[in-house]
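Working notes, beginning with the structure itself.
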2 protein chains.
Amino acid sequence: MSETGKIFIVAGPSGAGKSTVLAELFRGRGDLFYSVSATTRDPRPGEADGVNYHFITADRFRQMINEDAFLECAEYVGNFYGTPKKPVDAALAAGKDAILEIEVQGAKQVYAKRPDAIRIFIIPPSWEELERRLVDRGTDTPEKIQKRLLRARVELADAREYDYIVLNDTVDKAAEELRAILRAEHCRVKDRIDRFLER
Amino acid sequence: MSETGKIFIVAGPSGAGKSTVLAELFRGRGDLFYSVSATTRDPRPGEADGVNYHFITADRFRQMINEDAFLECAEYVGNFYGTPKKPVDAALAAGKDAILEIEVQGAKQVYAKRPDAIRIFIIPPSWEELERRLVDRGTDTPEKIQKRLLRARVELADAREYDYIVLNDTVDKAAEELRAILRAEHCRVKDRIDRFLER
């Protein structure tokens with residue numbers, strides 16, 4: 001492993017199973033840092049500050065924007081969401097890889113600021129399976145599901161710019177692919193050659 | 001895994017432990033193809049045709065050059081060595097990854113013909129360790145060892161062009177890194193996105 005960590009952006013359509021795959025990836029991995037987003041929305045029942053989100057005021061959010069304290073931020077249905085820069089940089093400095101589970105638009109912002117970030121797009125095994133998962137979730141109306149499926153097709157066009165696509169066929173296999181990508185990226189020539197030459 | 005295999009070039013200085021690491025990588029992996037070189041030199045005691053090398057005549061070697069049947073070839077101390085193209089392409093078509101354990105110069109020739117090949121450079125943990133391994137091998141004179149060490153430094157300059165550096169600290173760790181690289185490379189966007197879009 002290299003001495004400093006790397007940023008891994010994990011994006012993908014709603015219903016691809018990002019959270020489940022990442023939960024599997026993080027099991028027993030103290031060398032990974034999960035970036036918790038800040039938001040101005042109110043906590044929902046069961047949500048804990050600093051775990052699901054950092055719940056902050058609109059004033060504080062504005063202040064953080066002015067301080068350039070976000071790697072990315074966006075408004076969604078009247079609430080604001082952002083990835084705080086400081087905890088990510090602290091993790092990287094401590095040699096941990098920082099995993100950013102974010103939306104495609106947020107991913108673009110992060111990549112513009114940190115072009116050394118590695119971009120991973122998680123996809124479901126097929127369009128049919130994606131639709132089935134969204135239906136099974138039971139939280140969306142049929143119209144909303146069709147809108148999500150259309151958005152997924154639009155977002156997949158962005159995936160062409162990414163480094164990797166992880167196929168979430170089964171959670172275990174997808175998590176293994178993520179582990180392999182993290183490990184392989186630490187074997188990159190640019191990270192290793194100078195350290196060897198110095199010896 | 002993708003439907004067709006990929007070429008992985010594995011190079012590195014003499015004494016880096018390429019053969020040992022690859023032997024560990026190949027254990028139980030029927031999905032990998034080890035490219036056996038052709039040579040015009042005579043078999044040494046214990047060497048088997050088709051296992052260590054394909055032992056062929058100078059006439060046949062010349063004919064294969066004329067037929068453009070090598071991915072790379074070179075002369076070394078009066079004998080000729082080459083990587084036959086056909087078995088590699090057959091393996092790729094069968095969905096196997098082809099592993100080419102070759103010299104730095106041969107790697108350049110292969111990469112010129114197959115720019116989609118992934119290049120991995122195996123290095124020992126340190127220069128001191130490389131020297132110790134060459135001494136322990138007991139096959140070279142001190143002068144020859146110094147020459148090998150100098151050549152290793154020259155070859156390492158080429159490693160800057162490679163995709164990955166695998167650090168052969170322990171054989172198990174190095175083989176794990178190779179496995180991760182192979183797996184990660186099969187998650188590349190270009191290999192996966194069109195197959196998903198087709199569905």
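Quick note on naming: the chains in the structure tokens go A, B, ... in the order shown, residues restart at 1 in each chain, and ligands are numbered from 1 in order of appearance.
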Do me a favour and pick out the residues of chain B within 7 Å of chain A, using only C-alpha atoms, as a PyMOL selection string. chain B and resi 126+160+162-166+177+180-181+183-184+187-189+192+196+199
Go ahead and save the picked residues with C-alpha atoms, as an mmCIF file, in the first residue's frame.
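Produced file selection19.cif, reproduced below:
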```
data_model
loop_
_atom_site.group_PDB
_atom_site.id
_atom_site.type_symbol
_atom_site.label_atom_id
_atom_site.label_comp_id
_atom_site.auth_asym_id
_atom_site.auth_seq_id
_atom_site.Cartn_x
_atom_site.Cartn_y
_atom_site.Cartn_z
ATOM 1 C CA SER B 126 15.073 -3.076 -2.427
ATOM 2 C CA ARG B 160 7.921 4.401 -15.869
ATOM 3 C CA TYR B 162 4.337 0.530 -17.426
ATOM 4 C CA ASP B 163 0.864 0.394 -15.911
ATOM 5 C CA TYR B 164 1.702 -1.318 -12.641
ATOM 6 C CA ILE B 165 4.600 -2.147 -10.381
ATOM 7 C CA VAL B 166 4.285 -5.269 -8.264
ATOM 8 C CA GLU B 177 -1.328 -7.964 -6.187
ATOM 9 C CA ALA B 180 -6.043 -7.852 -8.047
ATOM 10 C CA ILE B 181 -4.587 -6.218 -11.170
ATOM 11 C CA ARG B 183 -9.411 -8.642 -11.838
ATOM 12 C CA ALA B 184 -9.460 -4.831 -11.821
ATOM 13 C CA CYS B 187 -13.650 -3.978 -14.691
ATOM 14 C CA ARG B 188 -12.399 -1.381 -17.183
ATOM 15 C CA VAL B 189 -15.165 0.803 -18.556
ATOM 16 C CA ARG B 192 -18.086 -3.389 -19.861
ATOM 17 C CA PHE B 196 -24.412 -3.388 -20.658
ATOM 18 C CA ARG B 199 -29.001 -5.425 -23.037
#
```
Running DSSP on the backbone, which parts of chain A land in strand (DSSP E or B), as a count of residues only? 43
One residue among B:Glu47, B:Val36, B:Ile9, B:Thr139 is nearest to Gln109 of chain B when using only C-alpha atoms, and that residue is B:Ile9
What separation in Å, quoted to one decimal, exists between atom CA of Ala11 of chain B and atom CA of Asp97 of chain A? 28.3 Å
What lies within 9 Å of segment 31-33 of chain A using only C-alpha atoms, ignoring chain neighbours under 4 positions off, as number ranges by chain? A: 5, 26, 87-88, 91-92, 95-100
Could you turn the residues from that selection into a file that holds N, CA and C atoms, as a JSON list (two decimals), in the first residue's frame?
```
[["chain", "number", "residue", "atom", "x", "y", "z"],
["A", 5, "GLY", "N", -3.30, 7.90, 1.15],
["A", 5, "GLY", "CA", -4.48, 7.26, 0.59],
["A", 5, "GLY", "C", -4.88, 7.87, -0.74],
["A", 26, "PHE", "N", -16.61, -2.36, 3.38],
["A", 26, "PHE", "CA", -16.05, -1.77, 4.59],
["A", 26, "PHE", "C", -15.88, -2.75, 5.75],
["A", 87, "PRO", "N", -12.25, 16.27, 6.35],
["A", 87, "PRO", "CA", -12.11, 14.88, 6.81],
["A", 87, "PRO", "C", -11.50, 13.97, 5.75],
["A", 88, "VAL", "N", -11.80, 14.26, 4.47],
["A", 88, "VAL", "CA", -11.23, 13.45, 3.38],
["A", 88, "VAL", "C", -9.71, 13.63, 3.37],
["A", 91, "ALA", "N", -8.02, 11.88, 6.22],
["A", 91, "ALA", "CA", -7.95, 10.42, 6.00],
["A", 91, "ALA", "C", -6.82, 10.07, 5.04],
["A", 92, "LEU", "N", -6.73, 10.83, 3.94],
["A", 92, "LEU", "CA", -5.68, 10.57, 2.94],
["A", 92, "LEU", "C", -4.29, 10.71, 3.58],
["A", 95, "GLY", "N", -3.06, 7.88, 5.43],
["A", 95, "GLY", "CA", -2.82, 6.67, 4.65],
["A", 95, "GLY", "C", -4.08, 5.87, 4.35],
["A", 96, "LYS", "N", -5.24, 6.46, 4.65],
["A", 96, "LYS", "CA", -6.49, 5.74, 4.37],
["A", 96, "LYS", "C", -7.03, 6.13, 3.00],
["A", 97, "ASP", "N", -7.65, 5.17, 2.33],
["A", 97, "ASP", "CA", -8.37, 5.49, 1.10],
["A", 97, "ASP", "C", -9.72, 6.09, 1.48],
["A", 98, "ALA", "N", -10.09, 7.17, 0.79],
["A", 98, "ALA", "CA", -11.38, 7.82, 1.06],
["A", 98, "ALA", "C", -12.39, 7.40, -0.01],
["A", 99, "ILE", "N", -13.49, 6.82, 0.46],
["A", 99, "ILE", "CA", -14.53, 6.36, -0.46],
["A", 99, "ILE", "C", -15.67, 7.39, -0.46],
["A", 100, "LEU", "N", -15.95, 7.96, -1.62],
["A", 100, "LEU", "CA", -17.00, 8.96, -1.75],
["A", 100, "LEU", "C", -18.17, 8.37, -2.53]]
```
Polymer residues at most 9 Å from Glu131 of chain A, only C-alpha atoms, same-chain spacing of 3 or more positions, as a PyMOL selection string: chain A and resi 15+126-128+134-136+145-146+148-149
Keeping C-alpha atoms, export the residues of the selection given above as a PDB file, in the first residue's frame.
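Final file, part_23.pdb:
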```
ATOM      1  CA  GLY A  15     -31.110   1.034  -7.411  1.00  0.00           C
ATOM      2  CA  SER A 126     -29.344  -5.494 -16.436  1.00  0.00           C
ATOM      3  CA  TRP A 127     -32.030  -2.868 -17.002  1.00  0.00           C
ATOM      4  CA  GLU A 128     -34.692  -5.432 -16.100  1.00  0.00           C
ATOM      5  CA  LEU A 134     -36.746  -0.193  -7.782  1.00  0.00           C
ATOM      6  CA  VAL A 135     -40.186  -1.830  -7.794  1.00  0.00           C
ATOM      7  CA  ASP A 136     -39.265  -4.193  -4.912  1.00  0.00           C
ATOM      8  CA  ILE A 145     -39.569   4.538 -11.202  1.00  0.00           C
ATOM      9  CA  GLN A 146     -39.774   5.272 -14.945  1.00  0.00           C
ATOM     10  CA  ARG A 148     -35.329   6.937 -12.303  1.00  0.00           C
ATOM     11  CA  LEU A 149     -34.786   4.429 -15.134  1.00  0.00           C
TER      12      LEU A 149
END
```
Assign secondary structure with DSSP using the backbone only, and return the residues of chain A in alpha helix (DSSP H) as number ranges by chain. A: 18-26, 58-66, 85-93, 104-113, 127-137, 142-158, 171-185, 189-198
Extract, using only C-alpha atoms, all DNA, RNA and protein residues at most 8 Å from Glu155 of chain A, discarding same-chain residues fewer than 3 positions from it, and format them as a PyMOL selection string. chain A and resi 12-13+104+151-152+158-159
Export N, CA and C atoms of the chosen residues as a JSON list (two decimals), in the first residue's frame?
```
[["chain", "number", "residue", "atom", "x", "y", "z"],
["A", 12, "GLY", "N", -23.27, 5.80, -9.46],
["A", 12, "GLY", "CA", -24.10, 4.80, -10.13],
["A", 12, "GLY", "C", -25.56, 5.11, -9.91],
["A", 13, "PRO", "N", -26.42, 4.58, -10.75],
["A", 13, "PRO", "CA", -27.84, 4.92, -10.68],
["A", 13, "PRO", "C", -28.48, 4.44, -9.38],
["A", 104, "VAL", "N", -23.69, 11.43, -9.74],
["A", 104, "VAL", "CA", -22.88, 11.66, -10.94],
["A", 104, "VAL", "C", -22.45, 13.13, -11.07],
["A", 151, "ARG", "N", -33.29, 8.42, -15.95],
["A", 151, "ARG", "CA", -32.11, 9.11, -15.43],
["A", 151, "ARG", "C", -30.90, 8.17, -15.43],
["A", 152, "ALA", "N", -31.13, 6.89, -15.10],
["A", 152, "ALA", "CA", -30.05, 5.90, -15.08],
["A", 152, "ALA", "C", -29.40, 5.79, -16.47],
["A", 158, "ASP", "N", -22.42, 9.10, -18.80],
["A", 158, "ASP", "CA", -21.28, 9.67, -18.08],
["A", 158, "ASP", "C", -20.25, 8.60, -17.71],
["A", 159, "ALA", "N", -20.73, 7.38, -17.53],
["A", 159, "ALA", "CA", -19.84, 6.31, -17.08],
["A", 159, "ALA", "C", -18.69, 6.06, -18.05]]
```
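Relative to atom CA of Ala107 of chain B, atom CA of Gly78 of chain B is found at 20.2 Å.
With atom CA of Ala117 of chain A on one side and atom CA of Tyr34 of chain A on the other, the separation reads 14.6 Å.
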Find the residues near Asn168 of chain A: any atom within 9 Å, counting only C-alpha atoms, skip ones fewer than 6 places away on the same chain, and give them as an NGL selection string. :A and (16-18 or 21 or 122-125 or 174-175)
